[in-house]
Every structure is written in structure tokens, then in C-alpha cells.
file run-v2.txt (compact mmCIF, C-alpha atoms and all ligand atoms)
# COMPACT_ATOMS: atom_id res chain seq x y z
CA MET A 24 -6.79 14.97 16.56
CA ILE A 25 -6.64 13.55 13.02
CA ASP A 26 -10.09 12.47 11.76
CA VAL A 27 -9.80 9.31 9.66
CA LEU A 28 -12.28 7.78 7.21
CA VAL A 29 -11.49 4.16 6.33
CA SER A 30 -12.54 3.06 2.85
CA GLY A 31 -12.78 -0.72 2.53
CA ALA A 32 -13.28 -0.86 6.31
CA GLY A 33 -14.96 -4.28 6.12
CA GLY A 34 -12.02 -5.92 4.34
CA ARG A 35 -9.05 -7.73 5.84
CA MET A 36 -6.74 -4.69 5.70
CA GLY A 37 -9.53 -2.18 6.44
CA GLN A 38 -10.44 -3.92 9.69
CA ALA A 39 -6.79 -3.91 10.76
CA VAL A 40 -6.60 -0.17 9.99
CA VAL A 41 -9.72 0.57 12.08
CA GLU A 42 -8.16 -1.31 15.01
CA ALA A 43 -4.74 0.36 14.62
CA VAL A 44 -6.14 3.91 14.31
CA SER A 45 -8.46 3.35 17.29
CA ALA A 46 -5.44 2.38 19.42
CA GLU A 47 -3.67 5.72 18.77
CA THR A 48 -4.33 8.79 20.94
CA ASP A 49 -3.83 11.46 18.23
CA MET A 50 -6.24 10.05 15.62
CA GLN A 51 -9.80 8.72 15.53
CA ILE A 52 -12.15 6.93 13.14
CA VAL A 53 -14.95 9.27 12.00
CA ALA A 54 -16.43 7.04 9.29
CA ARG A 55 -16.15 3.64 7.66
CA ALA A 56 -17.16 2.95 4.05
CA ASP A 57 -17.60 -0.49 2.54
CA PRO A 58 -20.41 -2.11 0.51
CA ALA A 59 -19.81 -5.25 2.60
CA LEU A 60 -20.83 -3.45 5.85
CA GLU A 61 -24.36 -2.83 7.12
CA PRO A 62 -24.91 0.98 6.88
CA GLY A 63 -25.52 2.67 10.23
CA ASP A 64 -23.95 5.20 12.58
CA GLY A 65 -20.75 6.35 10.83
CA VAL A 66 -20.93 3.39 8.45
CA PHE A 67 -21.64 3.93 4.74
CA ALA A 68 -22.14 1.58 1.80
CA ASP A 69 -20.10 3.79 -0.50
CA LEU A 70 -17.27 6.25 -0.14
CA SER A 71 -19.04 9.21 -1.80
CA SER A 72 -21.85 9.15 0.81
CA ALA A 73 -19.24 8.91 3.57
CA LEU A 74 -17.31 11.87 2.13
CA ALA A 75 -20.53 13.91 1.82
CA ALA A 76 -21.66 13.16 5.39
CA THR A 77 -18.35 13.60 7.26
CA THR A 78 -15.36 15.92 7.34
CA ALA A 79 -12.40 13.63 7.40
CA ASP A 80 -8.82 14.91 7.44
CA VAL A 81 -7.46 11.69 5.95
CA VAL A 82 -9.09 8.89 3.92
CA VAL A 83 -7.31 5.55 4.14
CA ASP A 84 -8.16 3.28 1.20
CA PHE A 85 -7.63 -0.49 1.16
CA THR A 86 -10.21 -1.65 -1.39
CA THR A 87 -9.79 -3.31 -4.78
CA PRO A 88 -7.66 -2.59 -7.86
CA ALA A 89 -10.90 -1.77 -9.74
CA THR A 90 -11.97 1.00 -7.35
CA GLY A 91 -8.78 2.33 -5.72
CA PHE A 92 -8.17 5.02 -8.33
CA ALA A 93 -11.75 6.39 -8.34
CA ASN A 94 -11.76 6.38 -4.52
CA THR A 95 -8.48 8.28 -4.27
CA LYS A 96 -9.66 10.83 -6.84
CA ALA A 97 -12.95 11.30 -4.96
CA SER A 98 -11.13 11.76 -1.63
CA LEU A 99 -8.77 14.42 -3.01
CA GLU A 100 -11.64 16.20 -4.81
CA ALA A 101 -13.55 16.24 -1.50
CA GLY A 102 -10.57 17.99 0.13
CA ALA A 103 -9.26 15.07 2.21
CA HIS A 104 -5.68 13.81 2.24
CA ALA A 105 -5.35 10.24 0.96
CA VAL A 106 -3.33 7.32 2.32
CA VAL A 107 -3.67 4.49 -0.15
CA GLY A 108 -2.64 0.87 0.23
CA THR A 109 -4.78 -0.50 -2.60
CA THR A 110 -2.52 -1.94 -5.29
CA GLY A 111 -2.82 -2.13 -9.07
CA PHE A 112 -2.56 1.57 -10.05
CA THR A 113 -1.39 2.21 -13.64
CA GLU A 114 1.28 4.78 -14.50
CA ASP A 115 -1.43 6.89 -16.15
CA GLU A 116 -3.57 6.81 -12.99
CA LEU A 117 -0.58 7.78 -10.83
CA GLU A 118 0.11 10.70 -13.18
CA GLN A 119 -3.50 11.91 -12.93
CA LEU A 120 -3.32 11.72 -9.12
CA ARG A 121 0.05 13.51 -9.14
CA GLN A 122 -1.60 16.41 -10.98
CA LEU A 123 -4.62 16.37 -8.68
CA ALA A 124 -2.42 16.42 -5.55
CA ALA A 125 -0.12 19.17 -6.86
CA GLY A 126 -0.53 22.67 -5.45
CA GLU A 127 -2.16 23.88 -2.26
CA GLY A 128 -4.85 21.20 -1.95
CA PRO A 129 -4.79 17.84 -0.18
CA ASN A 130 -1.86 15.42 -0.47
CA ALA A 131 -1.63 11.69 -1.17
CA ILE A 132 0.65 8.86 -0.11
CA ILE A 133 0.32 5.67 -2.15
CA ALA A 134 2.43 2.74 -0.99
CA PRO A 135 2.27 -0.77 -2.45
CA ASN A 136 3.73 -2.01 0.83
CA PHE A 137 3.55 -0.28 4.22
CA ALA A 138 5.70 -2.90 6.01
CA VAL A 139 9.08 -1.45 7.06
CA GLY A 140 10.87 -4.74 6.32
CA ALA A 141 9.42 -4.89 2.82
CA VAL A 142 10.66 -1.38 2.04
CA LEU A 143 14.14 -2.44 3.25
CA MET A 144 13.91 -5.63 1.13
CA MET A 145 13.26 -3.52 -1.98
CA ARG A 146 16.23 -1.28 -1.16
CA PHE A 147 18.57 -4.25 -0.49
CA ALA A 148 17.44 -5.92 -3.75
CA GLN A 149 18.25 -2.74 -5.65
CA MET A 150 21.72 -2.59 -4.05
CA ALA A 151 22.42 -6.29 -4.68
CA ALA A 152 21.36 -6.03 -8.33
CA GLU A 153 24.15 -3.53 -8.95
CA HIS A 154 26.64 -6.36 -8.24
CA LEU A 155 24.86 -9.60 -9.21
CA PRO A 156 23.58 -9.51 -12.81
CA HIS A 157 20.89 -12.23 -12.76
CA ALA A 158 17.73 -11.82 -10.71
CA GLU A 159 14.21 -13.21 -10.42
CA ILE A 160 11.39 -12.43 -7.98
CA VAL A 161 8.99 -14.91 -6.38
CA GLU A 162 6.03 -13.27 -4.64
CA LEU A 163 3.64 -15.38 -2.57
CA HIS A 164 0.22 -14.23 -1.32
CA HIS A 165 -3.10 -15.55 0.01
CA GLU A 166 -5.39 -17.04 -2.62
CA ARG A 167 -7.92 -14.18 -2.53
CA LYS A 168 -5.48 -11.49 -3.67
CA LEU A 169 -7.00 -9.99 -6.84
CA ASP A 170 -3.92 -8.65 -8.64
CA ALA A 171 -0.80 -10.40 -9.92
CA PRO A 172 2.05 -9.64 -9.91
CA SER A 173 1.86 -7.86 -6.56
CA GLY A 174 2.50 -4.11 -6.46
CA THR A 175 5.56 -4.74 -4.29
CA ALA A 176 7.05 -7.18 -6.80
CA ALA A 177 6.38 -4.81 -9.69
CA LEU A 178 8.03 -1.90 -7.85
CA THR A 179 11.02 -4.05 -6.81
CA ALA A 180 11.56 -5.15 -10.42
CA GLU A 181 11.18 -1.59 -11.69
CA ARG A 182 13.99 -0.46 -9.39
CA MET A 183 16.41 -3.20 -10.51
CA PRO A 184 18.39 -2.98 -13.77
CA GLY A 185 17.38 -5.11 -16.76
CA HIS A 186 14.32 -7.34 -17.06
CA VAL A 187 13.55 -9.15 -13.79
CA PRO A 188 11.00 -11.97 -14.23
CA ILE A 189 8.30 -12.20 -11.53
CA HIS A 190 6.62 -15.45 -10.42
CA SER A 191 3.35 -15.21 -8.50
CA VAL A 192 2.14 -17.88 -6.07
CA ARG A 193 -1.41 -17.77 -4.59
CA LEU A 194 -2.12 -20.21 -1.76
CA PRO A 195 -4.40 -20.30 1.30
CA GLY A 196 -2.52 -19.76 4.56
CA LEU A 197 -0.10 -17.22 3.10
CA VAL A 198 -0.27 -13.48 3.97
CA ALA A 199 2.35 -11.55 1.92
CA HIS A 200 5.84 -12.84 1.18
CA GLN A 201 8.55 -12.07 -1.36
CA GLU A 202 11.92 -13.53 -2.31
CA VAL A 203 14.40 -11.77 -4.54
CA LEU A 204 16.88 -14.35 -5.86
CA LEU A 205 20.11 -13.12 -7.41
CA GLY A 206 22.80 -15.14 -9.16
CA GLY A 207 26.51 -14.54 -9.82
CA LEU A 208 29.32 -16.95 -10.71
CA ASP A 209 28.68 -20.11 -8.67
CA GLU A 210 26.80 -18.19 -5.99
CA THR A 211 23.26 -17.07 -5.20
CA LEU A 212 21.84 -14.50 -2.82
CA THR A 213 18.27 -14.65 -1.53
CA ILE A 214 16.59 -11.65 0.10
CA ARG A 215 13.29 -12.60 1.71
CA HIS A 216 10.57 -10.67 3.50
CA ASP A 217 7.53 -12.17 5.25
CA SER A 218 4.46 -10.33 6.49
CA LEU A 219 3.25 -12.82 9.11
CA SER A 220 -0.02 -10.97 9.72
CA ARG A 221 -1.72 -7.79 8.51
CA LYS A 222 -0.46 -6.06 11.69
CA SER A 223 2.92 -5.82 9.93
CA PHE A 224 1.53 -3.03 7.71
CA MET A 225 0.01 -0.95 10.52
CA PRO A 226 3.02 1.01 11.90
CA GLY A 227 3.60 2.26 8.33
CA VAL A 228 -0.07 3.14 7.80
CA VAL A 229 -0.22 5.09 11.10
CA MET A 230 3.03 6.88 10.19
CA ALA A 231 1.59 7.84 6.77
CA ILE A 232 -1.64 9.18 8.35
CA ARG A 233 0.45 11.49 10.57
CA ASP A 234 2.73 12.47 7.71
CA VAL A 235 0.33 13.08 4.80
CA PRO A 236 -1.04 16.51 5.87
CA THR A 237 2.44 18.06 5.66
CA ARG A 238 3.98 16.08 2.78
CA SER A 239 3.07 18.08 -0.34
CA GLY A 240 1.79 16.45 -3.51
CA LEU A 241 1.78 12.75 -4.33
CA THR A 242 4.29 10.45 -2.63
CA VAL A 243 4.67 6.93 -4.00
CA GLY A 244 6.24 4.46 -1.58
CA MET A 245 7.15 4.72 2.11
CA GLU A 246 10.86 5.42 1.49
CA PRO A 247 10.78 9.22 2.02
CA ILE A 248 8.65 8.83 5.14
CA LEU A 249 11.03 6.23 6.62
CA GLY A 250 14.11 8.20 5.53
CA ILE A 251 15.30 5.39 3.24
CA SER A 252 16.81 6.54 -0.06
CA SER A 253 15.38 4.75 -3.10
P1 LIG B 1 -10.46 -7.37 0.95
O1 LIG B 1 -10.46 -8.17 2.21
O2 LIG B 1 -11.14 -7.93 -0.28
O3 LIG B 1 -11.06 -5.93 1.30
C1 LIG B 1 -11.45 -4.99 0.36
C2 LIG B 1 -12.75 -4.38 0.87
O4 LIG B 1 -13.04 -3.21 0.08
C3 LIG B 1 -13.95 -5.33 0.72
O5 LIG B 1 -14.67 -5.38 1.93
C4 LIG B 1 -14.73 -4.68 -0.42
O6 LIG B 1 -16.13 -4.92 -0.32
C5 LIG B 1 -14.44 -3.22 -0.19
N1 LIG B 1 -14.75 -2.37 -1.34
C6 LIG B 1 -14.87 -2.71 -2.65
N2 LIG B 1 -15.19 -1.63 -3.38
C7 LIG B 1 -15.27 -0.58 -2.53
C8 LIG B 1 -15.57 0.80 -2.70
N3 LIG B 1 -15.83 1.32 -3.91
N4 LIG B 1 -15.56 1.60 -1.61
C9 LIG B 1 -15.29 1.10 -0.39
N5 LIG B 1 -15.01 -0.21 -0.16
C10 LIG B 1 -14.98 -1.04 -1.23
O7 LIG B 1 -8.94 -7.05 0.50
P2 LIG B 1 -7.65 -6.81 1.43
O8 LIG B 1 -6.91 -8.09 1.59
O9 LIG B 1 -8.05 -6.04 2.64
O10 LIG B 1 -6.76 -5.92 0.46
C11 LIG B 1 -7.23 -4.64 0.05
C12 LIG B 1 -6.19 -4.00 -0.87
O11 LIG B 1 -5.01 -3.71 -0.10
C13 LIG B 1 -5.72 -4.87 -2.04
O12 LIG B 1 -5.54 -4.06 -3.19
C14 LIG B 1 -4.39 -5.41 -1.57
O13 LIG B 1 -3.50 -5.72 -2.63
C15 LIG B 1 -3.88 -4.21 -0.79
N6 LIG B 1 -2.84 -4.46 0.23
C16 LIG B 1 -1.91 -3.49 0.36
C17 LIG B 1 -0.94 -3.60 1.34
C18 LIG B 1 0.05 -2.47 1.49
O14 LIG B 1 0.89 -2.52 2.41
N7 LIG B 1 -0.03 -1.44 0.67
C19 LIG B 1 -0.90 -4.71 2.17
C20 LIG B 1 -1.88 -5.70 2.01
C21 LIG B 1 -2.87 -5.56 1.04
P3 LIG B 1 -16.76 -6.13 -1.18
O15 LIG B 1 -16.17 -7.39 -0.60
O16 LIG B 1 -18.24 -5.99 -0.95
O17 LIG B 1 -16.33 -5.90 -2.61
call {"tool": "encode", "arguments": {"input": "run-v2.txt", "output": "C-alpha cells"}}
result
Amino acid sequence: MIDVLVSGAGGRMGQAVVEAVSAETDMQIVARADPALEPGDGVFADLSSALAATTADVVVDFTTPATGFANTKASLEAGAHAVVGTTGFTEDELEQLRQLAAGEGPNAIIAPNFAVGAVLMMRFAQMAAEHLPHAEIVELHHERKLDAPSGTAALTAERMPGHVPIHSVRLPGLVAHQEVLLGGLDETLTIRHDSLSRKSFMPGVVMAIRDVPTRSGLTVGMEPILGISS
């Protein structure tokens, strides 16, 4: 049985993770941390109290760009593997976590997008950009998303040659959507992915929870776990 602590358990993604983990037979929720939740049995206002009070195998973090790095560091330092969906990590933060996760200790998987279709979209965009020289990205999210551009858009652009402009749209009613538009001579190609609800991320999150104990070091992105070359 894999014991899971959910950090940000009161948020939109955190609640979906609690539900998804609870539905699996080989993993269970041992604690939930979130300042937005009323502390009680297995529920903590902050992650450090939750880490001190429980022995979790894996901490899943879906919090805010401001706290994701500190939370991941605290989880690894407490000896728990980390599965992180929080976006907005800097290169420097990733490097620090890479060093922290190196060696015999706990491992980390950080993925800006756990949806299988989104990972494929990034791969297809990378392939298409080798043949069509002009590209732009439009990413569309719900109006309460704190970071822009999205982590998915930034990673997609990073994997494509040249400078790829990113346009961010924030509107109520949206979940997470991205279009990669490419142009050639008198032709365009549009690659689009839509997360229709937060459930779309859950198969990837559950897969990462199972995978993280045996995948050494820091893994960025779901590609190696899904067997998709990047
Ligand atoms: P949300 O609804 O605002 O949830 C975040 C929750 O984390 C809030 O309840 C917040 O509490 C709590 N929190 C803040 N600081 C905390 C701390 N130090 N320790 C524990 N909990 C803390 O946001 P969301 O829509 O669920 O998104 C969460 C993150 O996931 C964002 O970074 C988003 O970009 C990312 N995301 C990733 C994926 C992916 O596939 N990787 C998919 C969707 C979203 P307060 O409200 O009291 O601050």
C-alpha cells in the first residue's frame, strides 16, 4: 500500500487527487495539508506539520507557484518521494531539486501537465516544428490560474526550435486548453488539446505515484513514465 499525503488538498486539483487516490486499491490518503481546510483528523493547516505527524511514502503537491518549491524541498528533506503538479518552477529551483533528489534518497516527478493527451500534443508540436518554420502558442485557462504563461506552454515552446511566442487567455468556464499553430507556405497546421475537467490529469497523477519510488532522481515531465520520447 502506498501512503499518500496530498498538499493543497483543499484546492481544485488537490480535491481531485484525493478522490482519485481513494478510488485505487494499492494506495491510500494518510494526510491532507492545506491552509484552506479546517484542521482535524489527518488534516493539517500546513505541510510541515503534516510531514512531522505522518509517515507518507509520497507527497503529491498541487498548491501555488509561490509555495511549490518550498513544499517539494520539505517533502524530500522529510524522506518522502514527491509528485508535483504545481507549475511555475524556475530553472534554478529545478536544479536545486535535482541535486536534492540525486543519490539514494527520495525521488521526485515534476510534470507541468499530467494529461496524456497534453504530453502527446507537446511531442506532436515538436515534430511538426521540424518541418513548418513558423509557430505560435495560444494557451487558455480558467480565470483563477495564478501563473502565465502556463507551464505546459513554456515547456512546449522550449522544445520547439527558434522563438515561439505564447499568448495567454484567462476566462471563466475554461479548464486547460492549448493550441499550437504552425505556418508554412500557404498552409497552417493546428494541434489542439483540451482538458475538459480536472479528471483528465488523474490517470497521469496515479501513474506517477506508483512510479516515483523506483524512478531515481528528479524526473521533469511525464514522457519517460508514458514511454514517449521527448
Ligand atoms: P487552487 O484551487 O488555488 O488550489 C491550491 C490550494 O493549495 C489552495 O487550497 C491553497 O490554499 C493551497 N495552498 C497554498 N499554499 C499552501 C501550502 N503552503 N501548503 C499546502 N497547501 C497550500 O489551484 P488549482 O487549480 O488546484 O491548481 C494548483 C496548481 O496545480 C497550480 O500551480 C496549477 O497551475 C497546477 N496545475 C497543474 C496541472 C498539471 O497537470 N501539472 C494541472 C492543473 C493545474 P489557499 O487557497 O488558502 O491559499
call {"tool": "residues_around", "arguments": {"input": "run-v2.txt", "residues": "Ser30 (chain A)", "least_positions_apart": "6", "cutoff": "8 Å", "atoms": "only C-alpha atoms", "output": "list of chain:residue names"}}
result
A:Gly37, A:Arg55, A:Ala56, A:Asp57, A:Leu70, A:Val82, A:Val83, A:Asp84, A:Phe85, A:Thr86
call {"tool": "closest_atom_pairs", "arguments": {"input": "run-v2.txt", "of": "chain A", "to": "ligand LIG 1 (chain B)", "cutoff": "8 Å", "atoms": "only C-alpha atoms and all ligand atoms", "output": "tab-separated table"}}
result
residue	atom	partner	partner_atom	distance
A:Ser30	CA	B:LIG1	C9	4.7
A:Gly31	CA	B:LIG1	O4	3.5
A:Ala32	CA	B:LIG1	O5	6.4
A:Gly33	CA	B:LIG1	O5	4.3
A:Gly34	CA	B:LIG1	O3	3.2
A:Arg35	CA	B:LIG1	O9	3.8
A:Met36	CA	B:LIG1	O9	3.6
A:Gly37	CA	B:LIG1	O9	5.6
A:Gln38	CA	B:LIG1	O9	7.7
A:Ala56	CA	B:LIG1	C9	5.2
A:Asp57	CA	B:LIG1	N5	3.8
A:Pro58	CA	B:LIG1	O16	4.7
A:Ala59	CA	B:LIG1	O16	4.0
A:Leu60	CA	B:LIG1	O5	7.6
A:Ala68	CA	B:LIG1	C9	7.2
A:Asp69	CA	B:LIG1	N4	5.2
A:Leu70	CA	B:LIG1	N4	5.2
A:Asp84	CA	B:LIG1	C9	7.6
A:Phe85	CA	B:LIG1	C12	4.3
A:Thr86	CA	B:LIG1	O4	3.6
A:Thr87	CA	B:LIG1	O12	4.6
A:Pro88	CA	B:LIG1	O12	5.3
A:Ala89	CA	B:LIG1	N2	7.7
A:Thr90	CA	B:LIG1	N3	5.2
A:Gly91	CA	B:LIG1	N3	7.3
A:Ala93	CA	B:LIG1	N3	7.9
A:Asn94	CA	B:LIG1	N3	6.5
A:Val107	CA	B:LIG1	N7	7.0
A:Gly108	CA	B:LIG1	N7	3.5
A:Thr109	CA	B:LIG1	O12	3.7
A:Thr110	CA	B:LIG1	O12	4.2
A:Gly111	CA	B:LIG1	O12	6.8
A:Ile133	CA	B:LIG1	N7	7.7
A:Ala134	CA	B:LIG1	N7	5.1
A:Pro135	CA	B:LIG1	N7	3.9
A:Asn136	CA	B:LIG1	O14	3.3
A:Phe137	CA	B:LIG1	O14	3.9
A:Ala138	CA	B:LIG1	O14	6.0
A:Arg167	CA	B:LIG1	O2	7.4
A:Lys168	CA	B:LIG1	O13	6.2
A:Leu169	CA	B:LIG1	O13	6.9
A:Asp170	CA	B:LIG1	O13	6.7
A:Ser173	CA	B:LIG1	O13	7.0
A:Gly174	CA	B:LIG1	O13	7.3
A:Ala199	CA	B:LIG1	C20	7.2
A:Arg221	CA	B:LIG1	C20	6.8
A:Phe224	CA	B:LIG1	O14	5.4
A:Val228	CA	B:LIG1	O14	7.9
call {"tool": "atom_distance", "arguments": {"input": "run-v2.txt", "atom1": "CA of Val41 (chain A)", "atom2": "CA of Thr78 (chain A)"}}
result
17.0 Å
call {"tool": "closest_residue", "arguments": {"input": "run-v2.txt", "among": "A:Pro226, A:Leu178, A:Phe112, A:Leu143", "to": "Gly250 (chain A)", "atoms": "all atoms listed in the file"}}
result
A:Leu143
call {"tool": "closest_residue", "arguments": {"input": "run-v2.txt", "among": "A:Leu197, A:Leu28, A:Leu99, A:Ala43", "to": "Val81 (chain A)", "atoms": "only C-alpha atoms"}}
result
A:Leu28
call {"tool": "atom_distance", "arguments": {"input": "run-v2.txt", "atom1": "CA of Ala73 (chain A)", "atom2": "CA of Val27 (chain A)"}}
result
11.2 Å
call {"tool": "residues_near_point", "arguments": {"input": "run-v2.txt", "point": "(17.1, -4.5, -2.2)", "cutoff": "12 Å", "atoms": "only C-alpha atoms", "output": "number ranges by chain"}}
result
A: 140-155, 158, 160, 175-176, 178-184, 201-205, 212-216, 251-253
call {"tool": "write_last_selection", "arguments": {"input": "run-v2.txt", "atoms": "C-alpha atoms", "output": "mmCIF file, in the coordinates of the input"}}
result
data_model
loop_
_atom_site.group_PDB
_atom_site.id
_atom_site.type_symbol
_atom_site.label_atom_id
_atom_site.label_comp_id
_atom_site.auth_asym_id
_atom_site.auth_seq_id
_atom_site.Cartn_x
_atom_site.Cartn_y
_atom_site.Cartn_z
ATOM 1 C CA GLY A 140 10.870 -4.740 6.320
ATOM 2 C CA ALA A 141 9.420 -4.890 2.820
ATOM 3 C CA VAL A 142 10.660 -1.380 2.040
ATOM 4 C CA LEU A 143 14.140 -2.440 3.250
ATOM 5 C CA MET A 144 13.910 -5.630 1.130
ATOM 6 C CA MET A 145 13.260 -3.520 -1.980
ATOM 7 C CA ARG A 146 16.230 -1.280 -1.160
ATOM 8 C CA PHE A 147 18.570 -4.250 -0.490
ATOM 9 C CA ALA A 148 17.440 -5.920 -3.750
ATOM 10 C CA GLN A 149 18.250 -2.740 -5.650
ATOM 11 C CA MET A 150 21.720 -2.590 -4.050
ATOM 12 C CA ALA A 151 22.420 -6.290 -4.680
ATOM 13 C CA ALA A 152 21.360 -6.030 -8.330
ATOM 14 C CA GLU A 153 24.150 -3.530 -8.950
ATOM 15 C CA HIS A 154 26.640 -6.360 -8.240
ATOM 16 C CA LEU A 155 24.860 -9.600 -9.210
ATOM 17 C CA ALA A 158 17.730 -11.820 -10.710
ATOM 18 C CA ILE A 160 11.390 -12.430 -7.980
ATOM 19 C CA THR A 175 5.560 -4.740 -4.290
ATOM 20 C CA ALA A 176 7.050 -7.180 -6.800
ATOM 21 C CA LEU A 178 8.030 -1.900 -7.850
ATOM 22 C CA THR A 179 11.020 -4.050 -6.810
ATOM 23 C CA ALA A 180 11.560 -5.150 -10.420
ATOM 24 C CA GLU A 181 11.180 -1.590 -11.690
ATOM 25 C CA ARG A 182 13.990 -0.460 -9.390
ATOM 26 C CA MET A 183 16.410 -3.200 -10.510
ATOM 27 C CA PRO A 184 18.390 -2.980 -13.770
ATOM 28 C CA GLN A 201 8.550 -12.070 -1.360
ATOM 29 C CA GLU A 202 11.920 -13.530 -2.310
ATOM 30 C CA VAL A 203 14.400 -11.770 -4.540
ATOM 31 C CA LEU A 204 16.880 -14.350 -5.860
ATOM 32 C CA LEU A 205 20.110 -13.120 -7.410
ATOM 33 C CA LEU A 212 21.840 -14.500 -2.820
ATOM 34 C CA THR A 213 18.270 -14.650 -1.530
ATOM 35 C CA ILE A 214 16.590 -11.650 0.100
ATOM 36 C CA ARG A 215 13.290 -12.600 1.710
ATOM 37 C CA HIS A 216 10.570 -10.670 3.500
ATOM 38 C CA ILE A 251 15.300 5.390 3.240
ATOM 39 C CA SER A 252 16.810 6.540 -0.060
ATOM 40 C CA SER A 253 15.380 4.750 -3.100
#
call {"tool": "residues_near_point", "arguments": {"input": "run-v2.txt", "point": "(5.7, 18.7, 1.3)", "cutoff": "12 Å", "atoms": "all atoms listed in the file", "output": "ChimeraX atom specification"}}
result
/A:124-132,234-242,247-248
call {"tool": "residues_around", "arguments": {"input": "run-v2.txt", "residues": "Glu47 (chain A)", "least_positions_apart": "2", "cutoff": "12 Å", "atoms": "all atoms listed in the file", "output": "CSV table (one decimal) with C-alpha atoms, in the coordinates of the input"}}
result
chain,number,residue,atom,x,y,z
A,24,MET,CA,-6.8,15.0,16.6
A,25,ILE,CA,-6.6,13.6,13.0
A,26,ASP,CA,-10.1,12.5,11.8
A,27,VAL,CA,-9.8,9.3,9.7
A,40,VAL,CA,-6.6,-0.2,10.0
A,41,VAL,CA,-9.7,0.6,12.1
A,42,GLU,CA,-8.2,-1.3,15.0
A,43,ALA,CA,-4.7,0.4,14.6
A,44,VAL,CA,-6.1,3.9,14.3
A,45,SER,CA,-8.5,3.4,17.3
A,49,ASP,CA,-3.8,11.5,18.2
A,50,MET,CA,-6.2,10.0,15.6
A,51,GLN,CA,-9.8,8.7,15.5
A,52,ILE,CA,-12.2,6.9,13.1
A,225,MET,CA,0.0,-1.0,10.5
A,226,PRO,CA,3.0,1.0,11.9
A,228,VAL,CA,-0.1,3.1,7.8
A,229,VAL,CA,-0.2,5.1,11.1
A,230,MET,CA,3.0,6.9,10.2
A,232,ILE,CA,-1.6,9.2,8.4
A,233,ARG,CA,0.4,11.5,10.6
call {"tool": "axis_aligned_box", "arguments": {"input": "run-v2.txt", "around": "region 84-91 of chain A", "padding_each_side": "4 Å", "output": "AutoDock Vina command-line options"}}
result
--center_x -9.8 --center_y 0.0 --center_z -4.3 --size_x 12.3 --size_y 14.6 --size_z 18.9
call {"tool": "atom_distance", "arguments": {"input": "run-v2.txt", "atom1": "CA of Leu123 (chain A)", "atom2": "CA of Glu100 (chain A)"}}
result
8.0 Å
call {"tool": "closest_residue", "arguments": {"input": "run-v2.txt", "among": "A:Ala54, A:Leu163, A:Ser98, A:His157", "to": "Gly185 (chain A)", "atoms": "only C-alpha atoms"}}
result
A:His157
call {"tool": "residues_around", "arguments": {"input": "run-v2.txt", "residues": "Pro172 (chain A)", "least_positions_apart": "4", "cutoff": "8 Å", "atoms": "all atoms listed in the file", "output": "PyMOL selection string"}}
result
chain A and resi 162+176-177+189-191
call {"tool": "build_atoms", "arguments": {"input": "run-v2.txt", "residues": "region 53-58 of chain A", "atoms": "all heavy atoms", "output": "PDB file, in the frame of the given file"}}
result
ATOM      1  N   VAL A  53     -13.691   8.503  12.063  1.00  0.00           N
ATOM      2  CA  VAL A  53     -14.950   9.270  12.000  1.00  0.00           C
ATOM      3  C   VAL A  53     -15.967   8.595  11.078  1.00  0.00           C
ATOM      4  O   VAL A  53     -17.158   8.869  11.167  1.00  0.00           O
ATOM      5  CB  VAL A  53     -14.728  10.745  11.575  1.00  0.00           C
ATOM      6  CG1 VAL A  53     -14.014  11.508  12.660  1.00  0.00           C
ATOM      7  CG2 VAL A  53     -14.007  10.854  10.245  1.00  0.00           C
ATOM      8  N   ALA A  54     -15.483   7.752  10.176  1.00  0.00           N
ATOM      9  CA  ALA A  54     -16.430   7.040   9.290  1.00  0.00           C
ATOM     10  C   ALA A  54     -15.764   5.816   8.690  1.00  0.00           C
ATOM     11  O   ALA A  54     -14.545   5.745   8.563  1.00  0.00           O
ATOM     12  CB  ALA A  54     -16.909   7.975   8.181  1.00  0.00           C
ATOM     13  N   ARG A  55     -16.615   4.851   8.344  1.00  0.00           N
ATOM     14  CA  ARG A  55     -16.150   3.640   7.660  1.00  0.00           C
ATOM     15  C   ARG A  55     -17.020   3.453   6.421  1.00  0.00           C
ATOM     16  O   ARG A  55     -18.245   3.597   6.508  1.00  0.00           O
ATOM     17  CB  ARG A  55     -16.287   2.415   8.574  1.00  0.00           C
ATOM     18  CG  ARG A  55     -15.362   2.485   9.781  1.00  0.00           C
ATOM     19  CD  ARG A  55     -15.497   1.270  10.659  1.00  0.00           C
ATOM     20  NE  ARG A  55     -16.736   1.260  11.409  1.00  0.00           N
ATOM     21  CZ  ARG A  55     -17.378   0.164  11.788  1.00  0.00           C
ATOM     22  NH1 ARG A  55     -16.925  -1.029  11.468  1.00  0.00           N
ATOM     23  NH2 ARG A  55     -18.490   0.248  12.475  1.00  0.00           N
ATOM     24  N   ALA A  56     -16.397   3.178   5.287  1.00  0.00           N
ATOM     25  CA  ALA A  56     -17.160   2.950   4.050  1.00  0.00           C
ATOM     26  C   ALA A  56     -16.800   1.585   3.490  1.00  0.00           C
ATOM     27  O   ALA A  56     -15.618   1.237   3.411  1.00  0.00           O
ATOM     28  CB  ALA A  56     -16.824   4.032   3.027  1.00  0.00           C
ATOM     29  N   ASP A  57     -17.820   0.834   3.143  1.00  0.00           N
ATOM     30  CA  ASP A  57     -17.600  -0.490   2.540  1.00  0.00           C
ATOM     31  C   ASP A  57     -18.954  -1.079   2.168  1.00  0.00           C
ATOM     32  O   ASP A  57     -19.848  -1.157   3.018  1.00  0.00           O
ATOM     33  CB  ASP A  57     -16.883  -1.412   3.551  1.00  0.00           C
ATOM     34  CG  ASP A  57     -16.289  -2.641   2.868  1.00  0.00           C
ATOM     35  OD1 ASP A  57     -17.007  -3.286   2.071  1.00  0.00           O
ATOM     36  OD2 ASP A  57     -15.123  -2.952   3.133  1.00  0.00           O
ATOM     37  N   PRO A  58     -19.127  -1.494   0.891  1.00  0.00           N
ATOM     38  CA  PRO A  58     -20.410  -2.110   0.510  1.00  0.00           C
ATOM     39  C   PRO A  58     -20.690  -3.402   1.292  1.00  0.00           C
ATOM     40  O   PRO A  58     -21.840  -3.841   1.377  1.00  0.00           O
ATOM     41  CB  PRO A  58     -20.238  -2.408  -0.995  1.00  0.00           C
ATOM     42  CG  PRO A  58     -18.788  -2.280  -1.279  1.00  0.00           C
ATOM     43  CD  PRO A  58     -18.189  -1.409  -0.232  1.00  0.00           C
TER      44      PRO A  58
END
